[in-house]
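Peer 1: Provided herewith is a single structure, encoded as structure tokens, for subsequent inquiry.
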Amino acid sequence: MSNELPLRGLRVLELAGVLAGPAVGMFLAELGADVIKVENPATDGDVTRGWRLPEEPRDTDVSAYFCSANWGKRSIAVNLRDPAGRELIHSLARLSDIVLASYRPGQAESLDVDAESLMRLNERLIYAEVTAYGPSDSRPGYDALLQAGTGFMSINGEPGALPLKMPVALMDLLAAHQLKEGILLALLERARTGSGTHVTTSLVRSGLSSLANQATGWMATGVVPQPLGSGHPSVVPYGEVWECAGGETVVLAVGTDRQFAGLCEAIGAPELASDARFVRNADRVVHRDALRTVLAPRIEARSRGALLELLASLGVPAGPVWNVAEALNQPDAEPLLLRSGGRVGLRTVALDHGVGTVVDLRPPPGLSADAESILSDDLGLSVGQRKTLFDSGAVLPPGGSRG
């Protein structure tokens, strides 16, 4: 395995906010790219800087939410409504390999930072754009609305209860993965042709394309999927949570009839494996409620540790239900943890391609923290030119205030 980061030497100009676009920027930074995050001084930068938990301090513009997608970047806050600010972005675009954008329809064009405008300046530029519903639909692109509108909320939750949103911005993350794939394909194409590409995806298409078996189940049967709690529509018992003695919980992932027989043995009820209602998975799907009725008291009578140990010895997939703290304290999480500048974060790249060697990934930047160095080192502007940009409000100076 090479220790050289695969995207080292690439420059990325991030004109995107919130999660989908910035998640792509962090992915590229983790793989070695130099990512410049452009923020709006009029809104105090990326809106997620202000999305704080009640327990977070108020004396910083680097919130925990902002940290989830902005490690490894440099920040500069530029007023794109100022001609000098737009020219500055054009200069950076000429030096860049990739632009990340997430504007509302028509907004990028009004600021002269749309794909056509920037690719005209740099024929090798890859302009990677994520929208909510496509380039001509101006509906607001909030993840919760997309989870509702792509069917995910309708199948999430308990039967008979109101639909539930996933507790992470799932549509943003799915769109981010689509855009990453598009960028990597565009880089491959550019290596062959020397030309850049306009890559686009949307939250709505990313969500719809990820419905997987829930979508094909409806297509095959005409039956609209319904919420099953954590259960699976076509495999039983798979995904359900079970309470053990003392209130500890386990999840079962029984995918075969042999594994089901092992489960029955582990709970001291081997006869259930030959019960006509439960012999095969197709039978268990039909009789899932009856199966839960007979399994629940037997599982509840056993301690979690002893039950999981016995299930493992019998080759039955099962595991504890951990909270986030427990999950991030397991050994598998250690390679994903980022530590720098007194902060701890979480990688978005879970690949083994040299990323484990990055111990000095920059912590998430303060608003416009790198404006001085970007203007001087990247663009070669003089002290006087930099002062003019700062004084005019075209660029927010490091540690500055828009007021």
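If you're wondering about the labels, chains in the structure tokens are A, B, ... by order shown, residues count from 1 in each chain, ligands from 1 in order shown.
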Looking only at alpha helix (DSSP H) from DSSP on the backbone, list the matching residues of stretch 90-260 of chain A as a VMD selection string.
Peer 2: chain A and resid 90 to 94 107 to 110 115 to 121 143 to 149 170 to 193 203 to 208 212 to 221 257 to 260
Peer 1: Name the residues of stretch 170-362 of chain A that fall into strand (DSSP E or B) according to DSSP on the backbone, using the chain letters and numbers of this document, as a VMD selection string.
Peer 2: chain A and resid 198 to 202 228 230 238 to 243 249 to 253 318 to 320 337 to 340 343 to 346
Peer 1: List as a ChimeraX atom specification the protein and nucleic acid residues near stretch 85-98 of chain A, meaning an atom at most 6 Å away when only C-alpha atoms are counted, but skip any in the same chain fewer than 3 places from it.
Peer 2: /A:11-12,78-80,82,121-122,125-127,394
Peer 1: Output the selection as a PDB file, in the first residue's frame - N, CA and C atoms for each residue.
Peer 2:
```pdb
ATOM      1  N   ARG A  11      -5.935  21.117  -6.340  1.00  0.00           N
ATOM      2  CA  ARG A  11      -6.483  22.268  -5.627  1.00  0.00           C
ATOM      3  C   ARG A  11      -8.003  22.287  -5.815  1.00  0.00           C
ATOM      4  N   VAL A  12      -8.714  22.448  -4.708  1.00  0.00           N
ATOM      5  CA  VAL A  12     -10.174  22.447  -4.716  1.00  0.00           C
ATOM      6  C   VAL A  12     -10.675  23.779  -4.189  1.00  0.00           C
ATOM      7  N   VAL A  78     -15.365  35.777   1.325  1.00  0.00           N
ATOM      8  CA  VAL A  78     -15.335  36.703   0.187  1.00  0.00           C
ATOM      9  C   VAL A  78     -16.750  37.174  -0.132  1.00  0.00           C
ATOM     10  N   ASN A  79     -16.892  38.471  -0.332  1.00  0.00           N
ATOM     11  CA  ASN A  79     -18.169  39.043  -0.740  1.00  0.00           C
ATOM     12  C   ASN A  79     -18.296  38.933  -2.258  1.00  0.00           C
ATOM     13  N   LEU A  80     -19.077  37.968  -2.715  1.00  0.00           N
ATOM     14  CA  LEU A  80     -19.196  37.735  -4.153  1.00  0.00           C
ATOM     15  C   LEU A  80     -20.078  38.762  -4.843  1.00  0.00           C
ATOM     16  N   ASP A  82     -19.408  41.852  -4.523  1.00  0.00           N
ATOM     17  CA  ASP A  82     -18.430  42.906  -4.788  1.00  0.00           C
ATOM     18  C   ASP A  82     -17.611  42.483  -6.006  1.00  0.00           C
ATOM     19  N   LEU A 121     -12.822  30.141 -17.904  1.00  0.00           N
ATOM     20  CA  LEU A 121     -11.523  30.634 -17.432  1.00  0.00           C
ATOM     21  C   LEU A 121     -10.475  29.536 -17.326  1.00  0.00           C
ATOM     22  N   ASN A 122     -10.944  28.287 -17.221  1.00  0.00           N
ATOM     23  CA  ASN A 122     -10.030  27.177 -16.975  1.00  0.00           C
ATOM     24  C   ASN A 122     -10.621  25.931 -17.609  1.00  0.00           C
ATOM     25  N   LEU A 125     -10.937  22.655 -15.639  1.00  0.00           N
ATOM     26  CA  LEU A 125     -11.672  22.713 -14.383  1.00  0.00           C
ATOM     27  C   LEU A 125     -12.812  21.686 -14.354  1.00  0.00           C
ATOM     28  N   ILE A 126     -12.912  20.989 -13.238  1.00  0.00           N
ATOM     29  CA  ILE A 126     -14.047  20.100 -12.972  1.00  0.00           C
ATOM     30  C   ILE A 126     -14.986  20.853 -12.035  1.00  0.00           C
ATOM     31  N   TYR A 127     -16.166  21.180 -12.537  1.00  0.00           N
ATOM     32  CA  TYR A 127     -17.156  21.927 -11.751  1.00  0.00           C
ATOM     33  C   TYR A 127     -18.169  20.917 -11.230  1.00  0.00           C
ATOM     34  N   ALA A 394     -14.480  43.457   0.571  1.00  0.00           N
ATOM     35  CA  ALA A 394     -14.524  42.379  -0.417  1.00  0.00           C
ATOM     36  C   ALA A 394     -14.076  41.064   0.200  1.00  0.00           C
TER      37      ALA A 394
END
```
Peer 1: Considering only C-alpha atoms, can you say which of A:Gly32, A:Ala253, A:Asp61, A:Glu55 comes closest to A:Ser368?
Peer 2: A:Asp61
Peer 1: Can you tell me, as an NGL selection string, what residues are no more than 12 Å from A:Ala296 when counting only C-alpha atoms, ignoring any on the same chain fewer than 4 positions away?
Peer 2: :A and (237 or 240-245 or 249-250 or 252 or 264 or 267 or 269 or 288-292 or 300-302)
Peer 1: Can you tell me how far atom CA of A:Gly160 sits from atom CA of A:Leu228, in Å to one decimal?
Peer 2: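 Spanning atom CA of A:Gly160 to atom CA of A:Leu228 is a straight-line distance of 9.4 Å.
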Peer 1: To one decimal in Å, tell me the separation between atom CA of A:Ser110 and atom CA of A:Ser138.
Peer 2: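 Between atom CA of A:Ser110 and atom CA of A:Ser138 the gap works out to 14.5 Å.
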Peer 1: Please provide as JSON, numbers by chain all residues within 6 Å of A:Leu5, with the sequence filter that same-chain residues fewer than 2 positions apart are discarded (counting only C-alpha atoms).
Peer 2: {"A": [7, 8, 31, 32, 354]}
